[in-house]
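*Asks:* The structure is given below, and queries will be raised subsequently.
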Amino acid sequence: MAWGRTSMSDGDGRLEVRKTYKLYIGGSFPRSESGRSYEVRSADGERFLANAALASRKDARDAVVAARKAFPGWSSTTAYNRGQVLYRVAEMLEGRRSQFVHEVGAGEGLKRRDAEAAVDAAVDRWVWYAGWSDKVHQVQGSSNPVAGPYFDFSVPEPTGVVALVAPPASSLLGLVSLLAPVIVTGNTAVVLASETAPLPAITLAEVLATSDVPGGVANLLTGRPAEIAPWLASHMDVNAIDLTGIGDPELATELEMAAAANLKRVVRPPAGTGDQGTDWSGDPGLDRLRAFLETKTVWHPVGI
Amino acid sequence: MPTFDYAPAPESRSIVDIQPSYGLFIGGEMVDPIDGTRFKSVNPATEEVLSEVVAAGPQDVDRAVDAARAAYAGAWSRLSGRDRGKYLYRLARIVQERSRELAVLESIDNGKPIRESRDVDVPLVAAHFFYYAGWADKLGYAGFGPDPRPLGVAAQVIPWNFPLLMLAWKIAPALACGNTVVLKPAETTPLTALAFADICQQADLPPGVVNIITGAGDTGRTLVEHPGVDKVAFTGSTEVGRQIARSVAGTRKKVTLELGGKAANVVFDDAPLDQAIEGIVNGIFFNQGHVCCAGSRLLVQESVADELLAGLKRRLGTLRLGDPLDKNTDIGAINSAEQLDKIRMLSEVGETEGAERWSPPCELPERGFWFPPTVFTGVSQSHRIAREEIFGPVLSVLTFRTPTEAIEKANNTPYGLSAGVWTDKGSRILWMAQQLRAGVVWANTFNRFDPTSPFGGYKESGYGREGGRHGLGAYLDV
């Protein structure tokens, strides 16, 4: 990869200061409580990139606790404020563009131009979703002309704590496409990053940590989704789960069955083999916003 | 003050013609079962056998799903939205024309007072068909893209508490969106669904667009798990909802579930207490409490608890329990012996756990399934009668001091279907409405329904909405 930095130096002979990639839980960057890590290599397998934290069941539970704790505050933030906070995330993403291009390119095995396109699309996607914060209510809500002397209206509200299994192949654009619609409406999230290309997710966590997003709103875990997802699917304080990143249909079925224990809202993986064939660059539409919104209908009599 | 006794005022049942036995409505005609068996349907107010109906077997389910598939692939999918709408308008009109017959039949089969079936259930059935009829040729404007597609064959399983109304909630949006349906009414209340089969014939609805198969849980399970089904819509218990959510795992079936509830009805000290008492009575004693969104937990502010309870007990003393067909009846029969057992069991648990039980003096008929209006006071949040859905005329009363405590108690349940709030303070109403984690919030009213108004639960009360524009999403490929 001619455009990449070497793993050792910047070219002027200076020795690089490497980054330690950790988990992101409740606004902090802990290592896995299990003390485990796993080796992340470039997509072609030739280069060592980092040792990422290998999250455990306990880490997943800690993340759910953090997400639940953050939910009342984040969901009651004004839509305007949430929109500004998320727009700020896009600004920070843009500022880290070259770092993301490097990580996405190495992790996904993309040419520089393709990695740039993926990162640019991810930033633009984040801006697109940020703008929905104070618009989705008007598109999804209604006043209802009931046949009686009542004022009746319906408003969308966030579902609660949402677990996300991020797409394995699209390590930043896919991740952003799942995470942004969940938190823009006031949900809080626990994300399992791409197992093979987790580094952009942790860099995204660093962006979130420096963008006024309250700790606990988005929690990012690296590790093995097959190990951690079952604990999230069966967790009784998780309200919804997005299985998009689960490529194994049998595992997806097991997770959906576990999710039934407390009637989680479930987004199934796309038909076929996970996200390998998914084109994340298209118009996302409203489906992912809708998937994690509840509708609340309020009635009140009209009279004098 | 002089008092006047009520004279009996029974609605005539001569308007209904119940056949000694019924088949299954498949492919536009009533057919005999292939592998189904027969069971008896009784009048819960008298235990009189009303008719013999089919418990459809697997081959019957196959046949019904095949008929729905053929109708979907054939006539129905080629029909314009405008013409689908015309069929739905016809159904709405025929329901209106036959409203008295349907109301009487519903009261006989279900046990609910004629006043409710006549004034609530059947008018809402017609309104629901009328509302969704108008959507059929306007789906491109509903916010799901310019040309949203139907899902295919919908399997619909409905409960016994509002038999014909739940049928309307299921069939009207499904047909408006261009789906075909196989609907299974509840085991104990099949008769109005079978009457609806006749209405479909009168409307010349193309054969197979609506199929109605009767039976119990086994039939429902076979239908829901049938590989030829694209959509599952269920209203019923949370336990069965969980089973359905598990059974569709790994399929592409789209699911909506409208499940149980344990709604809090919160009364503040500034509420108009007489109105609140009417709302509490309507909240828990409407339809014998056989309502998933019933206000079964009364949370009353401590400072007015004594006054409110005294008024409530006085009001309950005036409720008239008895013959569902009597136009003066407020409280009808419990729908089945099984449900009566459950209500009795949980009420006994309430006493055992230390809550204080009270019922007004109330004479119960000798035959049939009956339970008096019952109020438990001194209930704590850990009591089973404060946590579990009783689905009967049983109210659990808890108290609170501050609005924050009211919210904590109201939301302290795995359910989230509905809630009520009574106060004269506007800002408090809106704050409460924001804080309550429930799909429907009734403020200074309770148990109101309308086809334009989205209805459905948070948390373990299920997912998806019925009614309004939102209700279309359950039957479109979005």
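Each chain in the structure tokens gets a letter, A, B, ..., in the order shown, and its residues are numbered from 1; ligands are numbered from 1 in order too.
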At a cut-off of 10 Å, can you tabulate as JSON lines every residue of region 165-251 of chain A near region 52-57 of chain A together with its closest atom pair and the distance in Å to one decimal, using only C-alpha atoms and ordering rows by chain then number?
*Replies:*
{"residue": "A:Leu192", "atom": "CA", "partner": "A:Ala55", "partner_atom": "CA", "distance": 9.1}
{"residue": "A:Glu195", "atom": "CA", "partner": "A:Leu54", "partner_atom": "CA", "distance": 9.5}
{"residue": "A:Ala197", "atom": "CA", "partner": "A:Ala52", "partner_atom": "CA", "distance": 9.8}
{"residue": "A:Pro198", "atom": "CA", "partner": "A:Ala52", "partner_atom": "CA", "distance": 7.6}
{"residue": "A:Leu199", "atom": "CA", "partner": "A:Ala52", "partner_atom": "CA", "distance": 7.7}
{"residue": "A:Ile202", "atom": "CA", "partner": "A:Ala52", "partner_atom": "CA", "distance": 9.2}
{"residue": "A:Leu220", "atom": "CA", "partner": "A:Ala55", "partner_atom": "CA", "distance": 9.7}
{"residue": "A:Leu221", "atom": "CA", "partner": "A:Ala55", "partner_atom": "CA", "distance": 6.1}
{"residue": "A:Thr222", "atom": "CA", "partner": "A:Ala55", "partner_atom": "CA", "distance": 5.8}
{"residue": "A:Gly223", "atom": "CA", "partner": "A:Leu54", "partner_atom": "CA", "distance": 4.3}
{"residue": "A:Arg224", "atom": "CA", "partner": "A:Leu54", "partner_atom": "CA", "distance": 7.2}
{"residue": "A:Pro225", "atom": "CA", "partner": "A:Ala55", "partner_atom": "CA", "distance": 9.3}
{"residue": "A:Glu227", "atom": "CA", "partner": "A:Ser56", "partner_atom": "CA", "distance": 8.0}
{"residue": "A:Ile228", "atom": "CA", "partner": "A:Arg57", "partner_atom": "CA", "distance": 6.0}
{"residue": "A:Ala229", "atom": "CA", "partner": "A:Arg57", "partner_atom": "CA", "distance": 9.0}
{"residue": "A:Pro230", "atom": "CA", "partner": "A:Arg57", "partner_atom": "CA", "distance": 9.2}
{"residue": "A:Trp231", "atom": "CA", "partner": "A:Arg57", "partner_atom": "CA", "distance": 6.5}
{"residue": "A:Leu232", "atom": "CA", "partner": "A:Arg57", "partner_atom": "CA", "distance": 8.6}
*Asks:* Pick out the residues sitting within 9 Å of Gly245 (chain A), and hand them over as a list in words; count only C-alpha atoms, and ignore anything fewer than 5 positions along from it in its own chain.
*Replies:* Leu164, Val165, Ala166, Pro167, Pro168, Ala169, Leu192, Ala193, Ser194, Pro225, Pro269, Pro270, Gly274 and Asp275 of chain A
*Asks:* Pick out the chain A residues within 8 Å of chain B. Count only C-alpha atoms. Give them as an NGL selection string.
*Replies:* :A and (139 or 144-147 or 152-154 or 159 or 239 or 249-250 or 252-254 or 256-258 or 260-265 or 287 or 294-301)
*Asks:* Can those selected residues be exported to a file as a compact mmCIF listing (two decimals), in the first residue's frame so that it contains C-alpha atoms?
*Replies:*
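Now in result-v5.txt:
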# COMPACT_ATOMS: atom_id res chain seq x y z
CA VAL A 139 -42.93 13.34 9.69
CA ASN A 144 -55.76 12.38 14.87
CA PRO A 145 -59.28 13.53 13.94
CA VAL A 146 -61.19 11.27 16.31
CA ALA A 147 -64.98 11.18 16.18
CA ASP A 152 -55.76 13.37 20.12
CA PHE A 153 -52.16 13.34 18.97
CA SER A 154 -49.41 10.82 18.35
CA THR A 159 -37.52 2.79 22.28
CA ASN A 239 -35.28 -2.91 24.45
CA PRO A 249 -28.27 -17.26 9.71
CA GLU A 250 -28.40 -19.88 12.46
CA ALA A 252 -29.25 -14.78 13.84
CA THR A 253 -32.20 -17.11 14.46
CA GLU A 254 -30.92 -18.01 17.93
CA GLU A 256 -33.94 -13.46 17.55
CA MET A 257 -35.38 -16.24 19.71
CA ALA A 258 -33.47 -15.01 22.74
CA ALA A 260 -38.28 -12.68 22.39
CA ALA A 261 -37.79 -13.11 26.16
CA ASN A 262 -38.68 -9.45 26.72
CA LEU A 263 -40.17 -8.80 23.28
CA LYS A 264 -37.26 -6.77 21.97
CA ARG A 265 -37.77 -5.00 18.71
CA ASP A 287 -36.59 2.56 8.00
CA GLU A 294 -42.41 3.93 19.58
CA THR A 295 -45.61 5.82 18.91
CA LYS A 296 -47.33 7.39 21.89
CA THR A 297 -50.92 8.54 21.48
CA VAL A 298 -52.37 11.07 23.94
CA TRP A 299 -56.06 11.88 24.38
CA HIS A 300 -57.61 14.81 26.19
CA PRO A 301 -61.22 16.00 26.24
*Asks:* Can you tell me, as number ranges by chain, what residues are no more than 12 Å from Gly81 (chain B) when counting only C-alpha atoms, ignoring any on the same chain fewer than 2 positions away?
*Replies:* B: 76-79, 83-88, 132-140, 147-150, 175-179
*Asks:* Can you tell me how far CA of Glu97 (chain B) sits from CA of Arg13 (chain B), in Å to one decimal?
*Replies:*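 Separation between CA of Glu97 (chain B) and CA of Arg13 (chain B): 16.7 Å.
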*Asks:* Please identify which residues in region 32-178 of chain B DSSP calls helix (DSSP H, G or I) from the backbone, and express them as a PyMOL selection string.
*Replies:* chain B and resi 58-78+81-97+99-110+114-135+139-141+163-176
*Asks:* B:Ala216, B:Gly368, B:Asn161, B:Phe4: which is nearest Asp323 (chain B), counting only C-alpha atoms?
*Replies:*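 Among the listed residues, B:Gly368 lies closest to Asp323 (chain B).
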*Asks:* To one decimal place, how far is CA of Glu16 (chain A) from CA of Val119 (chain A) in Å?
*Replies:*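 So the two atoms, CA of Glu16 (chain A) and CA of Val119 (chain A), lie 23.2 Å apart.
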*Asks:* Using DSSP assignments from the backbone, pull out every residue in region 52-196 of chain B that falls under strand (DSSP E or B) and give it to me as a ChimeraX atom specification.
*Replies:* /B:52-55,150,153-157,180-184
*Asks:* Output the selection as a JSON list (two decimals), in the first residue's frame - C-alpha atoms for each residue.
*Replies:*
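Final output, saved to again_32.json:
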[["chain", "number", "residue", "atom", "x", "y", "z"],
["B", 52, "GLU", "CA", -70.90, -26.38, 17.22],
["B", 53, "VAL", "CA", -67.82, -25.00, 15.50],
["B", 54, "VAL", "CA", -64.68, -26.46, 13.96],
["B", 55, "ALA", "CA", -61.26, -26.67, 15.53],
["B", 150, "PRO", "CA", -48.40, -5.28, 0.36],
["B", 153, "VAL", "CA", -50.85, -13.47, 3.06],
["B", 154, "ALA", "CA", -51.53, -12.24, 6.59],
["B", 155, "ALA", "CA", -52.17, -14.70, 9.45],
["B", 156, "GLN", "CA", -54.28, -12.94, 12.05],
["B", 157, "VAL", "CA", -55.09, -14.33, 15.48],
["B", 180, "THR", "CA", -55.23, -11.29, 1.77],
["B", 181, "VAL", "CA", -55.94, -12.78, 5.18],
["B", 182, "VAL", "CA", -56.56, -15.93, 7.15],
["B", 183, "LEU", "CA", -58.12, -14.93, 10.44],
["B", 184, "LYS", "CA", -58.67, -17.09, 13.48]]
*Asks:* Tell me, as an MDAnalysis selection string, which residues lie within 8 Å of region 290-299 of chain B, counting only C-alpha atoms; anything in the same chain fewer than 4 positions away does not count.
*Replies:* chainID B and resid 161 259:267 280 283:284 286 386 391:400 406 410 417:420 446:447
*Asks:* Using C-alpha atoms, can you export the residues from the last selection as a PDB file, in the first residue's frame?
*Replies:*
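Below you can see part-v9.pdb, which holds the result:
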ATOM      1  CA  ASN B 161     -62.626  -9.644  24.528  1.00  0.00           C
ATOM      2  CA  LEU B 259     -50.241  -7.898  24.084  1.00  0.00           C
ATOM      3  CA  GLY B 260     -51.062  -7.519  27.743  1.00  0.00           C
ATOM      4  CA  GLY B 261     -51.028  -4.523  29.997  1.00  0.00           C
ATOM      5  CA  LYS B 262     -51.181  -3.391  33.607  1.00  0.00           C
ATOM      6  CA  ALA B 263     -52.093   0.218  33.105  1.00  0.00           C
ATOM      7  CA  ALA B 264     -51.717   2.802  35.817  1.00  0.00           C
ATOM      8  CA  ASN B 265     -54.566   5.247  36.212  1.00  0.00           C
ATOM      9  CA  VAL B 266     -53.062   8.177  38.137  1.00  0.00           C
ATOM     10  CA  VAL B 267     -55.334  10.538  40.074  1.00  0.00           C
ATOM     11  CA  ILE B 280     -61.803   4.753  36.964  1.00  0.00           C
ATOM     12  CA  GLY B 283     -61.172   2.108  32.998  1.00  0.00           C
ATOM     13  CA  ILE B 284     -61.450  -1.167  34.854  1.00  0.00           C
ATOM     14  CA  PHE B 286     -65.761  -1.588  31.059  1.00  0.00           C
ATOM     15  CA  ALA B 386     -50.211  -5.130  41.120  1.00  0.00           C
ATOM     16  CA  PHE B 391     -58.077  -9.410  32.808  1.00  0.00           C
ATOM     17  CA  GLY B 392     -61.169  -9.121  34.962  1.00  0.00           C
ATOM     18  CA  PRO B 393     -63.180  -6.597  36.997  1.00  0.00           C
ATOM     19  CA  VAL B 394     -60.516  -6.276  39.686  1.00  0.00           C
ATOM     20  CA  LEU B 395     -58.914  -2.963  40.620  1.00  0.00           C
ATOM     21  CA  SER B 396     -55.713  -2.668  42.666  1.00  0.00           C
ATOM     22  CA  VAL B 397     -55.354   0.614  44.540  1.00  0.00           C
ATOM     23  CA  LEU B 398     -51.954   2.102  45.420  1.00  0.00           C
ATOM     24  CA  THR B 399     -51.098   5.570  46.683  1.00  0.00           C
ATOM     25  CA  PHE B 400     -48.358   8.112  45.997  1.00  0.00           C
ATOM     26  CA  ALA B 406     -46.382   8.418  40.639  1.00  0.00           C
ATOM     27  CA  ALA B 410     -46.669   3.774  36.999  1.00  0.00           C
ATOM     28  CA  LEU B 417     -49.731  -0.405  26.745  1.00  0.00           C
ATOM     29  CA  SER B 418     -51.727   2.425  28.255  1.00  0.00           C
ATOM     30  CA  ALA B 419     -51.986   4.812  31.181  1.00  0.00           C
ATOM     31  CA  GLY B 420     -54.354   7.399  32.561  1.00  0.00           C
ATOM     32  CA  PHE B 446     -60.008   6.583  29.710  1.00  0.00           C
ATOM     33  CA  ASN B 447     -60.639   3.708  27.287  1.00  0.00           C
TER      34      ASN B 447
END
*Asks:* Quick one: residues within 12 Å of Ser336 (chain B), only C-alpha atoms counted, chain neighbours fewer than 6 positions away excluded, as a list in words?
*Replies:*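 Here the answer would be Ser41, Val42, Asn43, Pro44, Ala45, Thr46, Glu47, Asp109, Asn110, Gly111, Lys112, Trp160, Asn161, Ala186, Glu187, Thr188, Thr189, Gln288, His290, Lys342, Ile343, Gly368, Phe369, Trp370, Phe371, Phe391 and Gly392 of chain B.
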*Asks:* Could those residues be written to a file, using C-alpha atoms, as a PDB file, in the first residue's frame?
*Replies:*
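Full text of result-v3.pdb as output:
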ATOM      1  CA  SER B  41     -69.465 -22.736  21.821  1.00  0.00           C
ATOM      2  CA  VAL B  42     -71.461 -21.636  24.859  1.00  0.00           C
ATOM      3  CA  ASN B  43     -73.180 -18.501  26.053  1.00  0.00           C
ATOM      4  CA  PRO B  44     -71.060 -17.459  29.054  1.00  0.00           C
ATOM      5  CA  ALA B  45     -74.060 -15.828  30.754  1.00  0.00           C
ATOM      6  CA  THR B  46     -76.109 -19.040  30.793  1.00  0.00           C
ATOM      7  CA  GLU B  47     -73.748 -21.878  29.808  1.00  0.00           C
ATOM      8  CA  ASP B 109     -71.343 -15.130  22.430  1.00  0.00           C
ATOM      9  CA  ASN B 110     -69.050 -12.962  24.541  1.00  0.00           C
ATOM     10  CA  GLY B 111     -71.127 -12.034  27.584  1.00  0.00           C
ATOM     11  CA  LYS B 112     -70.577  -8.283  27.293  1.00  0.00           C
ATOM     12  CA  TRP B 160     -62.160 -12.983  22.769  1.00  0.00           C
ATOM     13  CA  ASN B 161     -62.626  -9.644  24.528  1.00  0.00           C
ATOM     14  CA  ALA B 186     -60.786 -16.894  19.661  1.00  0.00           C
ATOM     15  CA  GLU B 187     -62.006 -20.328  20.676  1.00  0.00           C
ATOM     16  CA  THR B 188     -64.799 -18.957  22.889  1.00  0.00           C
ATOM     17  CA  THR B 189     -66.072 -16.209  20.562  1.00  0.00           C
ATOM     18  CA  GLN B 288     -65.783  -6.744  32.745  1.00  0.00           C
ATOM     19  CA  HIS B 290     -61.483  -7.902  29.795  1.00  0.00           C
ATOM     20  CA  LYS B 342     -57.889 -17.158  36.725  1.00  0.00           C
ATOM     21  CA  ILE B 343     -59.641 -14.100  38.151  1.00  0.00           C
ATOM     22  CA  GLY B 368     -73.016 -18.777  33.858  1.00  0.00           C
ATOM     23  CA  PHE B 369     -69.661 -17.231  34.690  1.00  0.00           C
ATOM     24  CA  TRP B 370     -69.786 -14.201  36.950  1.00  0.00           C
ATOM     25  CA  PHE B 371     -67.475 -12.151  39.099  1.00  0.00           C
ATOM     26  CA  PHE B 391     -58.077  -9.410  32.808  1.00  0.00           C
ATOM     27  CA  GLY B 392     -61.169  -9.121  34.962  1.00  0.00           C
TER      28      GLY B 392
END
*Asks:* Have a look at A:Arg82, A:Lys19, A:Arg288, A:Lys58 and name the one nearest to Val217 (chain A); count only C-alpha atoms.
*Replies:*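 Selected residue with least distance to Val217 (chain A): A:Arg82.
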*Asks:* Residues near region 120-136 of chain A, anyone? I mean within 7 Å using only C-alpha atoms, not counting same-chain ones fewer than 5 positions away, as a list of chain:residue names.
*Replies:* A:Ala79, A:Tyr80, A:Arg82, A:Gly83, A:Leu86, A:Tyr87, A:Ala90, A:Leu93, A:Glu94, A:Leu172, A:Leu173, A:Val176, A:Ser177, A:Ala180, A:Pro181, A:Val184, A:Thr185, A:Ser281
*Asks:* One number please: CA of Ile158 (chain B) to CA of Phe129 (chain B), in Å, one decimal.
*Replies:*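 According to the coordinates, CA of Ile158 (chain B) and CA of Phe129 (chain B) are separated by 16.8 Å.
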*Asks:* Can you tell me, as an MDAnalysis selection string, what residues are no more than 12 Å from Asn187 (chain A) when counting only C-alpha atoms, ignoring any on the same chain fewer than 6 positions away?
*Replies:* chainID A and resid 67:77 82 133 156:164 179:181 216:219 238:241 289:294
